[in-house]
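Printed here is query29.cif (mmCIF, C-alpha atoms and all ligand atoms; chains and numbers go by the auth columns):
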data_final
loop_
_atom_site.group_PDB
_atom_site.id
_atom_site.type_symbol
_atom_site.label_atom_id
_atom_site.label_comp_id
_atom_site.label_asym_id
_atom_site.label_seq_id
_atom_site.Cartn_x
_atom_site.Cartn_y
_atom_site.Cartn_z
_atom_site.B_iso_or_equiv
_atom_site.auth_seq_id
_atom_site.auth_asym_id
ATOM 1 C CA MET A 1 67.432 112.259 101.824 0.00 1 J
ATOM 2 C CA PHE A 2 64.771 109.616 102.407 0.00 2 J
ATOM 3 C CA SER A 3 63.116 108.401 99.242 0.00 3 J
ATOM 4 C CA PHE A 4 60.074 106.148 98.866 0.00 4 J
ATOM 5 C CA PHE A 5 61.564 104.981 95.615 0.00 5 J
ATOM 6 C CA ARG A 6 64.869 103.827 97.045 0.00 6 J
ATOM 7 C CA LYS A 7 65.608 100.310 95.925 0.00 7 J
ATOM 8 C CA LYS A 8 66.519 97.714 98.504 0.00 8 J
ATOM 9 C CA SER A 9 70.054 96.387 98.782 0.00 9 J
ATOM 10 C CA ILE A 10 70.763 93.579 96.342 0.00 10 J
ATOM 11 C CA PRO A 11 72.042 90.734 98.534 0.00 11 J
ATOM 12 C CA VAL A 12 75.192 88.901 97.481 0.00 12 J
ATOM 13 C CA ALA A 13 74.562 85.166 97.200 0.00 13 J
ATOM 14 C CA SER A 14 77.141 84.469 99.904 0.00 14 J
ATOM 15 C CA GLY A 15 75.728 87.146 102.232 0.00 15 J
ATOM 16 C CA LEU A 16 79.261 88.496 102.616 0.00 16 J
ATOM 17 C CA SER A 17 80.372 92.034 101.905 0.00 17 J
ATOM 18 C CA PHE A 18 83.519 94.156 101.978 0.00 18 J
ATOM 19 C CA PRO A 19 84.792 95.224 105.408 0.00 19 J
ATOM 20 C CA PHE A 20 84.455 98.897 104.365 0.00 20 J
ATOM 21 C CA ASP A 21 81.873 100.991 102.523 0.00 21 J
ATOM 22 C CA THR A 22 83.998 103.535 100.632 0.00 22 J
ATOM 23 C CA ASP A 23 85.886 102.739 97.434 0.00 23 J
ATOM 24 C CA ILE A 24 88.494 105.320 96.419 0.00 24 J
ATOM 25 C CA HIS A 25 89.810 103.791 93.192 0.00 25 J
ATOM 26 C CA SER A 26 87.818 102.468 90.233 0.00 26 J
ATOM 27 C CA HIS A 27 87.292 102.865 86.507 0.00 27 J
ATOM 28 C CA ILE A 28 83.493 102.847 86.441 0.00 28 J
ATOM 29 C CA LEU A 29 82.939 106.067 84.471 0.00 29 J
ATOM 30 C CA PRO A 30 81.725 105.308 80.948 0.00 30 J
ATOM 31 C CA GLY A 31 83.908 105.572 77.867 0.00 31 J
ATOM 32 C CA ILE A 32 86.915 107.596 78.962 0.00 32 J
ATOM 33 C CA ASP A 33 89.640 105.063 79.796 0.00 33 J
ATOM 34 C CA ASP A 34 90.292 101.303 79.814 0.00 34 J
ATOM 35 C CA GLY A 35 87.474 100.717 82.313 0.00 35 J
ATOM 36 C CA SER A 36 83.758 100.721 81.537 0.00 36 J
ATOM 37 C CA PRO A 37 83.091 101.311 77.815 0.00 37 J
ATOM 38 C CA ASP A 38 79.477 102.503 78.156 0.00 38 J
ATOM 39 C CA ILE A 39 76.772 103.563 80.608 0.00 39 J
ATOM 40 C CA GLU A 40 75.098 100.115 80.749 0.00 40 J
ATOM 41 C CA THR A 41 78.383 98.519 81.828 0.00 41 J
ATOM 42 C CA SER A 42 78.967 101.328 84.329 0.00 42 J
ATOM 43 C CA LEU A 43 75.549 100.707 85.879 0.00 43 J
ATOM 44 C CA ALA A 44 76.203 96.970 86.135 0.00 44 J
ATOM 45 C CA LEU A 45 79.526 97.683 87.887 0.00 45 J
ATOM 46 C CA VAL A 46 77.845 100.134 90.270 0.00 46 J
ATOM 47 C CA ARG A 47 75.155 97.563 91.089 0.00 47 J
ATOM 48 C CA GLY A 48 77.916 95.044 91.791 0.00 48 J
ATOM 49 C CA LEU A 49 79.756 97.443 94.102 0.00 49 J
ATOM 50 C CA TYR A 50 76.501 98.259 95.891 0.00 50 J
ATOM 51 C CA SER A 51 75.795 94.576 96.462 0.00 51 J
ATOM 52 C CA LEU A 52 79.231 94.271 98.086 0.00 52 J
ATOM 53 C CA GLY A 53 78.406 97.039 100.559 0.00 53 J
ATOM 54 C CA ILE A 54 79.930 100.077 98.836 0.00 54 J
ATOM 55 C CA ARG A 55 77.926 103.250 99.518 0.00 55 J
ATOM 56 C CA LYS A 56 80.466 105.891 98.489 0.00 56 J
ATOM 57 C CA SER A 57 82.587 105.545 95.396 0.00 57 J
ATOM 58 C CA VAL A 58 85.281 107.856 94.033 0.00 58 J
ATOM 59 C CA ALA A 59 85.709 107.051 90.346 0.00 59 J
ATOM 60 C CA THR A 60 89.311 107.544 89.224 0.00 60 J
ATOM 61 C CA PRO A 61 89.804 107.437 85.442 0.00 61 J
ATOM 62 C CA HIS A 62 93.375 107.330 84.180 0.00 62 J
ATOM 63 C CA ILE A 63 95.147 110.471 83.111 0.00 63 J
ATOM 64 C CA ILE A 64 98.119 109.274 81.047 0.00 64 J
ATOM 65 C CA ALA A 65 99.695 111.671 78.558 0.00 65 J
ATOM 66 C CA ASP A 66 100.042 109.348 75.576 0.00 66 J
ATOM 67 C CA MET A 67 96.942 107.191 76.223 0.00 67 J
ATOM 68 C CA TYR A 68 94.137 108.834 78.190 0.00 68 J
ATOM 69 C CA ARG A 69 94.496 112.587 78.216 0.00 69 J
ATOM 70 C CA ASN A 70 91.446 113.150 80.391 0.00 70 J
ATOM 71 C CA THR A 71 90.650 116.584 81.770 0.00 71 J
ATOM 72 C CA PRO A 72 88.288 117.816 84.501 0.00 72 J
ATOM 73 C CA GLU A 73 85.790 118.422 81.640 0.00 73 J
ATOM 74 C CA THR A 74 85.847 114.858 80.196 0.00 74 J
ATOM 75 C CA ILE A 75 85.744 113.365 83.687 0.00 75 J
ATOM 76 C CA ASN A 76 82.944 115.552 84.997 0.00 76 J
ATOM 77 C CA ALA A 77 80.830 114.939 81.885 0.00 77 J
ATOM 78 C CA ALA A 78 81.146 111.158 82.332 0.00 78 J
ATOM 79 C CA LEU A 79 80.481 111.521 86.066 0.00 79 J
ATOM 80 C CA LEU A 80 77.288 113.462 85.446 0.00 80 J
ATOM 81 C CA LEU A 81 76.087 110.807 83.018 0.00 81 J
ATOM 82 C CA LEU A 82 76.655 108.066 85.593 0.00 82 J
ATOM 83 C CA GLN A 83 75.189 110.038 88.508 0.00 83 J
ATOM 84 C CA GLU A 84 72.003 110.627 86.519 0.00 84 J
ATOM 85 C CA ALA A 85 71.703 106.973 85.517 0.00 85 J
ATOM 86 C CA VAL A 86 72.346 105.798 89.090 0.00 86 J
ATOM 87 C CA ALA A 87 69.731 108.211 90.459 0.00 87 J
ATOM 88 C CA LYS A 88 67.227 107.059 87.837 0.00 88 J
ATOM 89 C CA GLU A 89 67.824 103.444 88.888 0.00 89 J
ATOM 90 C CA GLY A 90 67.286 104.383 92.532 0.00 90 J
ATOM 91 C CA ILE A 91 70.683 103.073 93.643 0.00 91 J
ATOM 92 C CA ASP A 92 71.627 104.801 96.883 0.00 92 J
ATOM 93 C CA MET A 93 75.331 105.345 96.238 0.00 93 J
ATOM 94 C CA GLU A 94 77.240 108.614 96.392 0.00 94 J
ATOM 95 C CA ILE A 95 79.533 108.776 93.371 0.00 95 J
ATOM 96 C CA THR A 96 82.182 111.434 92.925 0.00 96 J
ATOM 97 C CA ALA A 97 85.216 111.567 90.658 0.00 97 J
ATOM 98 C CA ALA A 98 88.916 112.340 90.787 0.00 98 J
ATOM 99 C CA ALA A 99 91.647 110.763 88.653 0.00 99 J
ATOM 100 C CA GLU A 100 94.471 108.261 88.703 0.00 100 J
ATOM 101 C CA TYR A 101 97.435 110.305 87.539 0.00 101 J
ATOM 102 C CA MET A 102 100.378 108.584 85.879 0.00 102 J
ATOM 103 C CA LEU A 103 103.583 110.019 87.359 0.00 103 J
ATOM 104 C CA ASP A 104 105.072 111.275 84.106 0.00 104 J
ATOM 105 C CA ASP A 105 106.306 114.568 82.645 0.00 105 J
ATOM 106 C CA TYR A 106 102.761 115.536 81.640 0.00 106 J
ATOM 107 C CA PHE A 107 101.620 115.119 85.251 0.00 107 J
ATOM 108 C CA MET A 108 104.440 117.309 86.544 0.00 108 J
ATOM 109 C CA LYS A 109 103.394 119.924 84.003 0.00 109 J
ATOM 110 C CA LEU A 110 99.850 119.776 85.427 0.00 110 J
ATOM 111 C CA VAL A 111 101.181 120.128 88.972 0.00 111 J
ATOM 112 C CA ARG A 112 102.963 123.310 87.912 0.00 112 J
ATOM 113 C CA THR A 113 100.204 124.809 85.773 0.00 113 J
ATOM 114 C CA GLU A 114 96.762 123.515 86.794 0.00 114 J
ATOM 115 C CA LYS A 115 94.842 125.558 89.316 0.00 115 J
ATOM 116 C CA LYS A 116 93.918 122.399 91.171 0.00 116 J
ATOM 117 C CA LEU A 117 94.448 118.725 90.470 0.00 117 J
ATOM 118 C CA LEU A 118 91.473 116.378 90.798 0.00 118 J
ATOM 119 C CA THR A 119 91.634 115.119 94.371 0.00 119 J
ATOM 120 C CA ILE A 120 90.125 112.090 96.082 0.00 120 J
ATOM 121 C CA HIS A 121 89.482 114.178 99.183 0.00 121 J
ATOM 122 C CA ASP A 122 90.838 117.587 100.207 0.00 122 J
ATOM 123 C CA ASN A 123 94.442 117.618 98.935 0.00 123 J
ATOM 124 C CA ILE A 124 94.831 113.871 98.374 0.00 124 J
ATOM 125 C CA VAL A 125 95.852 112.827 94.860 0.00 125 J
ATOM 126 C CA LEU A 126 95.859 109.265 93.496 0.00 126 J
ATOM 127 C CA THR A 127 98.999 108.490 91.474 0.00 127 J
ATOM 128 C CA GLU A 128 100.419 105.461 89.695 0.00 128 J
ATOM 129 C CA GLN A 129 103.505 104.303 87.855 0.00 129 J
ATOM 130 C CA SER A 130 103.815 102.097 84.806 0.00 130 J
ATOM 131 C CA TYR A 131 103.854 98.430 85.927 0.00 131 J
ATOM 132 C CA ALA A 132 107.112 97.704 84.160 0.00 132 J
ATOM 133 C CA THR A 133 109.024 100.999 84.287 0.00 133 J
ATOM 134 C CA PRO A 134 109.491 103.118 87.398 0.00 134 J
ATOM 135 C CA SER A 135 108.678 106.821 87.174 0.00 135 J
ATOM 136 C CA GLY A 136 111.795 109.027 87.160 0.00 136 J
ATOM 137 C CA ASN A 137 112.976 110.488 90.409 0.00 137 J
ATOM 138 C CA LEU A 138 110.301 109.896 93.038 0.00 138 J
ATOM 139 C CA ASN A 139 112.238 111.977 95.566 0.00 139 J
ATOM 140 C CA GLU A 140 111.902 115.041 93.364 0.00 140 J
ATOM 141 C CA ILE A 141 108.345 114.254 92.250 0.00 141 J
ATOM 142 C CA SER A 142 107.037 113.781 95.790 0.00 142 J
ATOM 143 C CA PHE A 143 108.887 116.857 97.036 0.00 143 J
ATOM 144 C CA GLU A 144 107.407 119.035 94.297 0.00 144 J
ATOM 145 C CA LEU A 145 103.942 117.577 94.762 0.00 145 J
ATOM 146 C CA MET A 146 103.945 118.132 98.509 0.00 146 J
ATOM 147 C CA SER A 147 105.440 121.608 98.128 0.00 147 J
ATOM 148 C CA ALA A 148 102.412 122.402 95.939 0.00 148 J
ATOM 149 C CA GLY A 149 100.193 121.362 98.878 0.00 149 J
ATOM 150 C CA TYR A 150 99.188 117.857 97.793 0.00 150 J
ATOM 151 C CA ARG A 151 99.386 114.533 99.573 0.00 151 J
ATOM 152 C CA PRO A 152 99.992 111.662 97.130 0.00 152 J
ATOM 153 C CA ILE A 153 98.642 108.130 97.293 0.00 153 J
ATOM 154 C CA MET A 154 100.632 105.510 95.382 0.00 154 J
ATOM 155 C CA ALA A 155 98.116 103.151 93.780 0.00 155 J
ATOM 156 C CA HIS A 156 98.784 99.395 94.075 0.00 156 J
ATOM 157 C CA PRO A 157 102.515 99.417 95.009 0.00 157 J
ATOM 158 C CA GLU A 158 102.318 95.619 95.213 0.00 158 J
ATOM 159 C CA ARG A 159 101.736 95.358 91.450 0.00 159 J
ATOM 160 C CA TYR A 160 104.906 97.044 90.191 0.00 160 J
ATOM 161 C CA VAL A 161 107.348 94.496 88.783 0.00 161 J
ATOM 162 C CA PHE A 162 110.360 96.540 89.908 0.00 162 J
ATOM 163 C CA TYR A 163 109.336 96.318 93.580 0.00 163 J
ATOM 164 C CA GLN A 164 109.028 92.524 93.575 0.00 164 J
ATOM 165 C CA GLY A 165 111.549 91.188 96.080 0.00 165 J
ATOM 166 C CA ARG A 166 112.554 94.749 96.997 0.00 166 J
ATOM 167 C CA PHE A 167 110.089 95.425 99.767 0.00 167 J
ATOM 168 C CA ASP A 168 112.405 97.979 101.390 0.00 168 J
ATOM 169 C CA GLU A 169 111.170 100.262 98.569 0.00 169 J
ATOM 170 C CA PHE A 170 107.707 100.280 100.188 0.00 170 J
ATOM 171 C CA HIS A 171 109.187 101.780 103.352 0.00 171 J
ATOM 172 C CA HIS A 172 111.036 104.291 101.176 0.00 172 J
ATOM 173 C CA LEU A 173 107.750 105.320 99.501 0.00 173 J
ATOM 174 C CA LYS A 174 106.247 105.976 102.934 0.00 174 J
ATOM 175 C CA ASP A 175 109.345 107.972 103.929 0.00 175 J
ATOM 176 C CA LEU A 176 108.849 110.107 100.815 0.00 176 J
ATOM 177 C CA GLY A 177 105.322 110.916 101.970 0.00 177 J
ATOM 178 C CA PHE A 178 103.264 108.574 99.802 0.00 178 J
ATOM 179 C CA LEU A 179 100.152 107.027 101.296 0.00 179 J
ATOM 180 C CA LEU A 180 99.830 103.450 100.017 0.00 180 J
ATOM 181 C CA GLN A 181 96.736 101.868 98.446 0.00 181 J
ATOM 182 C CA VAL A 182 96.507 98.105 97.942 0.00 182 J
ATOM 183 C CA ASN A 183 94.111 96.461 95.476 0.00 183 J
ATOM 184 C CA LEU A 184 91.817 93.891 97.088 0.00 184 J
ATOM 185 C CA LEU A 185 92.335 91.431 94.242 0.00 185 J
ATOM 186 C CA SER A 186 96.096 91.494 94.826 0.00 186 J
ATOM 187 C CA LEU A 187 95.392 89.374 97.925 0.00 187 J
ATOM 188 C CA THR A 188 93.722 86.629 95.901 0.00 188 J
ATOM 189 C CA GLY A 189 96.398 85.642 93.403 0.00 189 J
ATOM 190 C CA TYR A 190 94.516 87.393 90.575 0.00 190 J
ATOM 191 C CA TRP A 191 97.780 89.003 89.397 0.00 191 J
ATOM 192 C CA GLY A 192 100.077 86.158 90.475 0.00 192 J
ATOM 193 C CA LYS A 193 101.905 84.957 93.574 0.00 193 J
ATOM 194 C CA GLY A 194 104.522 87.728 93.606 0.00 194 J
ATOM 195 C CA VAL A 195 101.841 90.415 93.801 0.00 195 J
ATOM 196 C CA THR A 196 100.046 88.526 96.596 0.00 196 J
ATOM 197 C CA LYS A 197 103.296 88.192 98.548 0.00 197 J
ATOM 198 C CA ALA A 198 103.954 91.926 98.201 0.00 198 J
ATOM 199 C CA ALA A 199 100.380 92.774 99.277 0.00 199 J
ATOM 200 C CA ARG A 200 100.694 90.560 102.350 0.00 200 J
ATOM 201 C CA TYR A 201 104.007 92.213 103.217 0.00 201 J
ATOM 202 C CA LEU A 202 102.337 95.629 103.069 0.00 202 J
ATOM 203 C CA PHE A 203 99.527 94.523 105.402 0.00 203 J
ATOM 204 C CA ASP A 204 101.827 92.606 107.763 0.00 204 J
ATOM 205 C CA ASN A 205 104.038 95.671 108.146 0.00 205 J
ATOM 206 C CA ASP A 206 101.184 98.157 108.648 0.00 206 J
ATOM 207 C CA LEU A 207 102.119 100.095 105.523 0.00 207 J
ATOM 208 C CA VAL A 208 98.597 100.198 104.042 0.00 208 J
ATOM 209 C CA ASP A 209 96.476 103.365 104.192 0.00 209 J
ATOM 210 C CA PHE A 210 93.784 102.488 101.654 0.00 210 J
ATOM 211 C CA VAL A 211 92.298 99.376 100.097 0.00 211 J
ATOM 212 C CA ALA A 212 90.309 99.660 96.873 0.00 212 J
ATOM 213 C CA THR A 213 88.766 97.660 94.068 0.00 213 J
ATOM 214 C CA ASP A 214 90.494 99.299 91.051 0.00 214 J
ATOM 215 C CA LEU A 215 87.402 97.898 89.302 0.00 215 J
ATOM 216 C CA HIS A 216 87.656 97.989 85.491 0.00 216 J
ATOM 217 C CA HIS A 217 85.291 95.281 84.195 0.00 217 J
ATOM 218 C CA ASP A 218 83.054 92.356 85.084 0.00 218 J
ATOM 219 C CA ARG A 219 85.957 89.896 85.411 0.00 219 J
ATOM 220 C CA HIS A 220 87.233 92.010 88.300 0.00 220 J
ATOM 221 C CA LEU A 221 83.704 92.199 89.718 0.00 221 J
ATOM 222 C CA HIS A 222 83.195 88.431 89.607 0.00 222 J
ATOM 223 C CA ALA A 223 86.536 87.865 91.328 0.00 223 J
ATOM 224 C CA LEU A 224 85.643 90.466 93.988 0.00 224 J
ATOM 225 C CA GLN A 225 82.272 88.728 94.585 0.00 225 J
ATOM 226 C CA HIS A 226 83.787 85.260 95.051 0.00 226 J
ATOM 227 C CA PRO A 227 82.755 84.061 98.565 0.00 227 J
ATOM 228 C CA GLY A 228 86.222 82.670 99.294 0.00 228 J
ATOM 229 C CA HIS A 229 87.788 85.984 98.307 0.00 229 J
ATOM 230 C CA LEU A 230 85.292 87.958 100.411 0.00 230 J
ATOM 231 C CA ARG A 231 86.167 85.798 103.421 0.00 231 J
ATOM 232 C CA LEU A 232 89.863 86.445 102.713 0.00 232 J
ATOM 233 C CA PHE A 233 89.343 90.241 102.500 0.00 233 J
ATOM 234 C CA ASN A 234 87.499 90.190 105.830 0.00 234 J
ATOM 235 C CA THR A 235 90.183 88.031 107.463 0.00 235 J
ATOM 236 C CA VAL A 236 93.116 90.168 106.284 0.00 236 J
ATOM 237 C CA ILE A 237 91.482 93.517 106.963 0.00 237 J
ATOM 238 C CA GLY A 238 89.558 92.455 110.063 0.00 238 J
ATOM 239 C CA GLU A 239 88.771 95.334 112.389 0.00 239 J
ATOM 240 C CA LYS A 240 91.430 97.632 110.925 0.00 240 J
ATOM 241 C CA LYS A 241 90.108 100.933 109.648 0.00 241 J
ATOM 242 C CA PHE A 242 90.954 101.859 106.078 0.00 242 J
ATOM 243 C CA ASN A 243 89.610 104.488 103.669 0.00 243 J
ATOM 244 C CA ASP A 244 88.739 106.795 106.555 0.00 244 J
ATOM 245 C CA PHE A 245 89.915 110.286 105.651 0.00 245 J
ATOM 246 C CA SER A 246 89.390 111.527 109.196 0.00 246 J
ATOM 247 C CA LEU A 247 92.220 109.252 110.353 0.00 247 J
ATOM 248 C CA LEU A 248 94.840 110.864 108.086 0.00 248 J
HETATM 249 FE FE FE B . 93.397 102.098 88.485 0.00 1 F
#

For the file at hand, write its structure as structure tokens.
Ligand SMILES: [Fe+2]
Amino acid sequence: MFSFFRKKSIPVASGLSFPFDTDIHSHILPGIDDGSPDIETSLALVRGLYSLGIRKSVATPHIIADMYRNTPETINAALLLLQEAVAKEGIDMEITAAAEYMLDDYFMKLVRTEKKLLTIHDNIVLTEQSYATPSGNLNEISFELMSAGYRPIMAHPERYVFYQGRFDEFHHLKDLGFLLQVNLLSLTGYWGKGVTKAARYLFDNDLVDFVATDLHHDRHLHALQHPGHLRLFNTVIGEKKFNDFSLL
């Protein structure tokens, strides 16, 4: 809806922006995981995303049994808080929420008992593994998840230590039915050379379905805003279409 009070876009110093306008993975909701601790920080992160060209953002707080036992209630309450603050500021960004589910026993319990998991879009669920320890039997997990009607995305496959140097595993994930989501900062060396190499492999082999910020804090934001990094994102992604649900 047109609003006379809509604020103008905040230009990035470099004039560069992301080569897409939808972010499907971030931790910008206030106070419910290891992302933004409070509403002021959340607003600053939203302003940063807006300045990079993001107009639709799906916030995805962690749900991890022994760390962040978020529920639709905790997530929706934090979402409402942020939506109200963003509207009050006049920032023209659509913000919704889902979750980033750790593939653990608690998650499988939710798959079996919850009426509906929190989805990014339709039946699409964002999942992750621990960086150091692979989740049990992914064959069984993906089979059960898809039998329940969901389509899983594996968040940042390039970051898992156990896939370093074992890139055949990425093809296996696709064979199991996982959509793959790469973190933009993985391309920059932010998490080391091994992660960058894995991210490049995923792009070079057309294994990537989504790219996202996985934004947690202002250090991520500053790295995402770096002109050299923005040029890199645009070069790697180019004209390819990502984050478009109609293409799935
Ligand atoms: Fe995340």

Could you tell me which residues the PyMOL selection byres (((chain J and resi 164-177) around 8) and not hetatm) returns for this structure, as number ranges by chain?
J: 138-139, 142-143, 151-152, 157-158, 160-163, 178-180, 194-195, 198, 201-202, 207

Name the residues that the PyMOL selection byres (((not hetatm)) within 10 of (chain F and resi 1)) pulls out of this structure, and write them as a VMD selection string.
chain J and resid 24 to 27 33 to 35 59 to 62 99 to 102 126 to 128 155 to 156 183 212 to 216

Would you mind exporting the chosen residues as an mmCIF file, in the coordinates of the input, restricted to C-alpha atoms?
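The resulting file, result_0.cif, is reproduced below:
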data_model
loop_
_atom_site.group_PDB
_atom_site.id
_atom_site.type_symbol
_atom_site.label_atom_id
_atom_site.label_comp_id
_atom_site.auth_asym_id
_atom_site.auth_seq_id
_atom_site.Cartn_x
_atom_site.Cartn_y
_atom_site.Cartn_z
ATOM 1 C CA ILE J 24 88.494 105.320 96.419
ATOM 2 C CA HIS J 25 89.810 103.791 93.192
ATOM 3 C CA SER J 26 87.818 102.468 90.233
ATOM 4 C CA HIS J 27 87.292 102.865 86.507
ATOM 5 C CA ASP J 33 89.640 105.063 79.796
ATOM 6 C CA ASP J 34 90.292 101.303 79.814
ATOM 7 C CA GLY J 35 87.474 100.717 82.313
ATOM 8 C CA ALA J 59 85.709 107.051 90.346
ATOM 9 C CA THR J 60 89.311 107.544 89.224
ATOM 10 C CA PRO J 61 89.804 107.437 85.442
ATOM 11 C CA HIS J 62 93.375 107.330 84.180
ATOM 12 C CA ALA J 99 91.647 110.763 88.653
ATOM 13 C CA GLU J 100 94.471 108.261 88.703
ATOM 14 C CA TYR J 101 97.435 110.305 87.539
ATOM 15 C CA MET J 102 100.378 108.584 85.879
ATOM 16 C CA LEU J 126 95.859 109.265 93.496
ATOM 17 C CA THR J 127 98.999 108.490 91.474
ATOM 18 C CA GLU J 128 100.419 105.461 89.695
ATOM 19 C CA ALA J 155 98.116 103.151 93.780
ATOM 20 C CA HIS J 156 98.784 99.395 94.075
ATOM 21 C CA ASN J 183 94.111 96.461 95.476
ATOM 22 C CA ALA J 212 90.309 99.660 96.873
ATOM 23 C CA THR J 213 88.766 97.660 94.068
ATOM 24 C CA ASP J 214 90.494 99.299 91.051
ATOM 25 C CA LEU J 215 87.402 97.898 89.302
ATOM 26 C CA HIS J 216 87.656 97.989 85.491
#

Might you pull out every residue within 12 Å of region 108-116 of chain J, with all atoms listed in the file counted and same-chain residues fewer than 4 positions away left off, and present them as number ranges by chain?
J: 63-65, 69-72, 98, 101-104, 122-125, 127, 135-138, 140-150, 152

Pairwise distance for CA of Asp218 (chain J) and CA of Gly53 (chain J), rounded to one decimal in Å
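Straight-line distance from CA of Asp218 (chain J) to CA of Gly53 (chain J) works out to 16.8 Å.
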
Write out as a PyMOL selection string each polymer residue whose atoms come within 12 Å of region 228-241 of chain J, counting all atoms listed in the file; drop sequence neighbours fewer than 6 positions from it.
chain J and resi 12-22+52-53+182-190+199-204+206+208-213+220-222+247-248

One number please: CA of Ile95 (chain J) to CA of Ala223 (chain J), in Å, one decimal.
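Those two atoms sit 22.1 Å apart.
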
Since the input lacks atoms, please generate N, CA and C atoms for region 35-46 of chain J and provide them as a PDB file, in the frame of the given file.
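Now in out_27.pdb:
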ATOM      1  N   GLY J  35      88.493 101.335  81.469  1.00  0.00           N
ATOM      2  CA  GLY J  35      87.474 100.717  82.313  1.00  0.00           C
ATOM      3  C   GLY J  35      86.184 100.523  81.550  1.00  0.00           C
ATOM      4  N   SER J  36      85.062 100.921  82.163  1.00  0.00           N
ATOM      5  CA  SER J  36      83.758 100.721  81.537  1.00  0.00           C
ATOM      6  C   SER J  36      83.655 101.415  80.172  1.00  0.00           C
ATOM      7  N   PRO J  37      83.201 100.695  79.138  1.00  0.00           N
ATOM      8  CA  PRO J  37      83.091 101.311  77.815  1.00  0.00           C
ATOM      9  C   PRO J  37      81.808 102.128  77.619  1.00  0.00           C
ATOM     10  N   ASP J  38      80.756 101.818  78.398  1.00  0.00           N
ATOM     11  CA  ASP J  38      79.477 102.503  78.156  1.00  0.00           C
ATOM     12  C   ASP J  38      78.655 102.567  79.450  1.00  0.00           C
ATOM     13  N   ILE J  39      77.562 103.308  79.397  1.00  0.00           N
ATOM     14  CA  ILE J  39      76.772 103.563  80.608  1.00  0.00           C
ATOM     15  C   ILE J  39      76.112 102.280  81.153  1.00  0.00           C
ATOM     16  N   GLU J  40      75.716 101.366  80.268  1.00  0.00           N
ATOM     17  CA  GLU J  40      75.098 100.115  80.749  1.00  0.00           C
ATOM     18  C   GLU J  40      76.106  99.318  81.581  1.00  0.00           C
ATOM     19  N   THR J  41      77.345  99.246  81.083  1.00  0.00           N
ATOM     20  CA  THR J  41      78.383  98.519  81.828  1.00  0.00           C
ATOM     21  C   THR J  41      78.659  99.226  83.151  1.00  0.00           C
ATOM     22  N   SER J  42      78.727 100.564  83.104  1.00  0.00           N
ATOM     23  CA  SER J  42      78.967 101.328  84.329  1.00  0.00           C
ATOM     24  C   SER J  42      77.900 101.023  85.376  1.00  0.00           C
ATOM     25  N   LEU J  43      76.642 100.989  84.949  1.00  0.00           N
ATOM     26  CA  LEU J  43      75.549 100.707  85.879  1.00  0.00           C
ATOM     27  C   LEU J  43      75.665  99.303  86.470  1.00  0.00           C
ATOM     28  N   ALA J  44      76.045  98.348  85.644  1.00  0.00           N
ATOM     29  CA  ALA J  44      76.203  96.970  86.135  1.00  0.00           C
ATOM     30  C   ALA J  44      77.330  96.915  87.173  1.00  0.00           C
ATOM     31  N   LEU J  45      78.412  97.665  86.929  1.00  0.00           N
ATOM     32  CA  LEU J  45      79.526  97.683  87.887  1.00  0.00           C
ATOM     33  C   LEU J  45      79.101  98.360  89.190  1.00  0.00           C
ATOM     34  N   VAL J  46      78.327  99.439  89.072  1.00  0.00           N
ATOM     35  CA  VAL J  46      77.845 100.134  90.270  1.00  0.00           C
ATOM     36  C   VAL J  46      76.925  99.212  91.079  1.00  0.00           C
TER      37      VAL J  46
END
